[in-house]
Amino acid sequence: MIYPSNLEQKIDFQVIRDGLKGCCLSILGKERVDAMQWQTRYGVVCDLLSHVREMMELMRDPALSFPQGDICDLREALSRIRVEGLYMDESELFALRKMLDYVGQLERFFAALDKAKYPVLSDHKSGVDSSAGIGTIILSIDRILDRYGKMRDNASPELARIRKEISASQGSVSRALNAILRQAQAEGILDKDAVPTMREGRLVLPVPPAYKRKIGGIVHDESATGKTVF
């Protein structure tokens, strides 16, 4: 038992906790620090101190470079997809891919340590079956997302069809708009340097207010000065 029971408050140990949390890379690490309890069993304390000593030695070892990566809190997303029919969005899936890649790096790093020099850390296991799980999941994600975390056109046959149709429609709209633009420029309605622009997701033409009725269409917006309508 700890005596007195409020020892942590008496020695203001929260300062140590806060300092350690400031070194954490994610909310998961900070929560782990908050959950740490005082240990009274000699064997457990010795084991934890062995981890600390080896980790300090490892971080000072010029021959080693500790992997750097992303740690994300995906608990909500992972809990959500337990329900059939629900899914992760692009950003969540990409975050999962990066985190799994980092877990794999850590596994390989600890497994490659000199067992004589780092007997405790070299036996470190994350609890994840790397050979059976991580690589397979990463490959599955890579078939869906590109290296920037965006959905690939060929992620599924249906998506490929939809995006092809969208691209064809956009091309058709662009050609029609450019034809209108060239005709308006030839008639002196629009300046020679006028170009189509986007307004609230719509591709529009910048037109002087005096000529807005000479071009068929709808006025979707106007400039702050009122000298241009779109």
# chains A, B, ... in the order shown; residues from 1 in each chain; ligands from 1
call {"tool": "closest_atom_pairs", "arguments": {"of": "segment 35-136 of chain A", "to": "segment 140-152 of chain A", "cutoff": "10 Å", "atoms": "only C-alpha atoms", "output": "Markdown table"}}
result
| residue | atom | partner | partner_atom | distance |
| --- | --- | --- | --- | --- |
| A:Asp89 | CA | A:Met151 | CA | 9.7 |
| A:Glu90 | CA | A:Lys150 | CA | 6.5 |
| A:Ser91 | CA | A:Gly149 | CA | 6.8 |
| A:Glu92 | CA | A:Gly149 | CA | 9.4 |
| A:Leu93 | CA | A:Ile141 | CA | 7.3 |
| A:Phe94 | CA | A:Gly149 | CA | 5.3 |
| A:Ala95 | CA | A:Gly149 | CA | 8.5 |
| A:Leu96 | CA | A:Ile141 | CA | 8.9 |
| A:Arg97 | CA | A:Ile141 | CA | 6.8 |
| A:Lys98 | CA | A:Gly149 | CA | 9.8 |
| A:Ile134 | CA | A:Ser140 | CA | 10.0 |
| A:Gly135 | CA | A:Ser140 | CA | 8.6 |
| A:Thr136 | CA | A:Ser140 | CA | 6.2 |
call {"tool": "write_last_selection", "arguments": {"atoms": "N, CA and C atoms", "output": "compact mmCIF listing (two decimals), in the first residue's frame"}}
result
# COMPACT_ATOMS: atom_id res chain seq x y z
N ASP A 89 -14.06 7.30 -43.25
CA ASP A 89 -13.89 8.20 -44.38
C ASP A 89 -12.42 8.20 -44.82
N GLU A 90 -12.11 8.94 -45.88
CA GLU A 90 -10.76 8.94 -46.44
C GLU A 90 -9.70 9.28 -45.41
N SER A 91 -9.92 10.36 -44.67
CA SER A 91 -8.91 10.83 -43.72
C SER A 91 -8.67 9.81 -42.62
N GLU A 92 -9.73 9.17 -42.13
CA GLU A 92 -9.58 8.16 -41.08
C GLU A 92 -8.84 6.93 -41.60
N LEU A 93 -9.18 6.50 -42.80
CA LEU A 93 -8.53 5.33 -43.38
C LEU A 93 -7.05 5.61 -43.64
N PHE A 94 -6.75 6.83 -44.10
CA PHE A 94 -5.36 7.20 -44.36
C PHE A 94 -4.58 7.28 -43.05
N ALA A 95 -5.22 7.80 -42.00
CA ALA A 95 -4.58 7.86 -40.69
C ALA A 95 -4.29 6.46 -40.16
N LEU A 96 -5.22 5.53 -40.38
CA LEU A 96 -5.02 4.14 -39.96
C LEU A 96 -3.84 3.54 -40.71
N ARG A 97 -3.74 3.82 -41.99
CA ARG A 97 -2.64 3.28 -42.80
C ARG A 97 -1.29 3.78 -42.28
N LYS A 98 -1.22 5.09 -41.99
CA LYS A 98 0.04 5.67 -41.50
C LYS A 98 0.40 5.11 -40.13
N ILE A 134 -0.83 -6.53 -40.18
CA ILE A 134 -0.46 -5.18 -40.62
C ILE A 134 -0.24 -5.10 -42.12
N GLY A 135 0.61 -5.97 -42.66
CA GLY A 135 0.91 -5.91 -44.09
C GLY A 135 -0.31 -6.08 -44.95
N THR A 136 -1.18 -7.02 -44.58
CA THR A 136 -2.39 -7.27 -45.35
C THR A 136 -3.32 -6.08 -45.35
call {"tool": "select_by_dssp", "arguments": {"residues": "segment 10-213 of chain A", "states": "strand (DSSP E or B)", "output": "JSON, numbers by chain"}}
result
{"A": [145, 151, 197, 198, 199, 202, 203, 204, 207]}
call {"tool": "write_last_selection", "arguments": {"atoms": "N, CA, C and O atoms", "output": "tab-separated table (two decimals), in the first residue's frame"}}
result
chain	number	residue	atom	x	y	z
A	145	LEU	N	-6.71	3.83	-51.56
A	145	LEU	CA	-6.23	5.21	-51.46
A	145	LEU	C	-4.90	5.36	-52.18
A	145	LEU	O	-4.09	4.43	-52.21
A	151	MET	N	-9.12	8.85	-52.58
A	151	MET	CA	-9.69	7.64	-53.13
A	151	MET	C	-9.27	7.45	-54.58
A	151	MET	O	-9.38	8.36	-55.41
A	197	THR	N	-14.33	31.22	-64.20
A	197	THR	CA	-13.91	31.16	-62.81
A	197	THR	C	-14.93	30.37	-62.00
A	197	THR	O	-16.05	30.12	-62.47
A	198	MET	N	-14.54	29.96	-60.79
A	198	MET	CA	-15.44	29.19	-59.94
A	198	MET	C	-16.10	30.09	-58.90
A	198	MET	O	-15.43	30.87	-58.25
A	199	ARG	N	-17.41	29.97	-58.78
A	199	ARG	CA	-18.16	30.68	-57.75
A	199	ARG	C	-19.13	29.71	-57.11
A	199	ARG	O	-20.04	29.20	-57.76
A	202	ARG	N	-19.65	26.57	-58.93
A	202	ARG	CA	-20.12	26.66	-60.31
A	202	ARG	C	-19.07	27.32	-61.19
A	202	ARG	O	-18.42	28.28	-60.78
A	203	LEU	N	-18.95	26.83	-62.42
A	203	LEU	CA	-18.04	27.43	-63.39
A	203	LEU	C	-18.80	28.53	-64.11
A	203	LEU	O	-19.82	28.28	-64.76
A	204	VAL	N	-18.33	29.78	-63.96
A	204	VAL	CA	-19.08	30.93	-64.49
A	204	VAL	C	-18.15	31.86	-65.27
A	204	VAL	O	-16.93	31.73	-65.22
A	207	VAL	N	-18.80	38.92	-66.22
A	207	VAL	CA	-19.44	39.78	-67.23
A	207	VAL	C	-19.70	41.17	-66.66
A	207	VAL	O	-20.18	41.29	-65.53
call {"tool": "select_by_dssp", "arguments": {"residues": "segment 17-163 of chain A", "states": "alpha helix (DSSP H)", "output": "JSON, numbers by chain"}}
result
{"A": [17, 18, 19, 20, 21, 27, 28, 29, 30, 31, 32, 33, 34, 35, 42, 43, 44, 45, 46, 47, 48, 49, 50, 51, 52, 53, 54, 55, 56, 57, 58, 59, 60, 75, 76, 77, 78, 79, 80, 90, 91, 92, 93, 94, 95, 96, 97, 98, 99, 100, 101, 102, 103, 104, 105, 106, 107, 108, 109, 110, 111, 135, 136, 137, 138, 139, 140, 141, 142, 157, 158, 159, 160, 161, 162, 163]}
call {"tool": "residues_around", "arguments": {"residues": "Lys21 of chain A", "least_positions_apart": "3", "cutoff": "8 Å", "atoms": "only C-alpha atoms", "output": "ChimeraX atom specification"}}
result
/A:17-18,24,29-30,33
call {"tool": "write_last_selection", "arguments": {"atoms": "N, CA, C and O atoms", "output": "mmCIF file, in the first residue's frame"}}
result
data_model
loop_
_atom_site.group_PDB
_atom_site.id
_atom_site.type_symbol
_atom_site.label_atom_id
_atom_site.label_comp_id
_atom_site.auth_asym_id
_atom_site.auth_seq_id
_atom_site.Cartn_x
_atom_site.Cartn_y
_atom_site.Cartn_z
ATOM 1 N N ARG A 17 3.789 14.283 -13.926
ATOM 2 C CA ARG A 17 2.833 13.767 -14.908
ATOM 3 C C ARG A 17 2.664 14.761 -16.064
ATOM 4 O O ARG A 17 2.661 14.386 -17.236
ATOM 5 N N ASP A 18 2.502 16.023 -15.738
ATOM 6 C CA ASP A 18 2.301 17.037 -16.778
ATOM 7 C C ASP A 18 3.522 17.135 -17.692
ATOM 8 O O ASP A 18 3.385 17.298 -18.909
ATOM 9 N N CYS A 24 4.377 13.438 -24.897
ATOM 10 C CA CYS A 24 3.583 12.438 -25.617
ATOM 11 C C CYS A 24 3.211 12.937 -27.012
ATOM 12 O O CYS A 24 2.969 14.133 -27.211
ATOM 13 N N GLY A 29 -1.248 8.595 -25.568
ATOM 14 C CA GLY A 29 -0.131 8.590 -24.635
ATOM 15 C C GLY A 29 -0.448 9.389 -23.387
ATOM 16 O O GLY A 29 -0.107 8.981 -22.262
ATOM 17 N N LYS A 30 -1.095 10.519 -23.555
ATOM 18 C CA LYS A 30 -1.440 11.365 -22.409
ATOM 19 C C LYS A 30 -2.415 10.639 -21.486
ATOM 20 O O LYS A 30 -2.307 10.726 -20.254
ATOM 21 N N VAL A 33 -0.531 8.149 -19.438
ATOM 22 C CA VAL A 33 0.174 8.772 -18.312
ATOM 23 C C VAL A 33 -0.796 9.037 -17.168
ATOM 24 O O VAL A 33 -0.492 8.780 -15.997
#
call {"tool": "residues_around", "arguments": {"residues": "Phe109 of chain A", "least_positions_apart": "5", "cutoff": "12 Å", "atoms": "only C-alpha atoms", "output": "ChimeraX atom specification"}}
result
/A:58,64-68,102-104,114,118,121-126
call {"tool": "atom_distance", "arguments": {"atom1": "atom CA of Thr228 of chain A", "atom2": "atom CA of Glu187 of chain A"}}
result
17.8 Å
call {"tool": "closest_residue", "arguments": {"among": "A:Asp34, A:Gln185, A:Leu78, A:Glu158", "to": "Gln14 of chain A", "atoms": "only C-alpha atoms"}}
result
A:Asp34
call {"tool": "residues_around", "arguments": {"residues": "Asp193 of chain A", "least_positions_apart": "4", "cutoff": "12 Å", "atoms": "only C-alpha atoms", "output": "ChimeraX atom specification"}}
result
/A:181-182,184-186,188-189,205-207
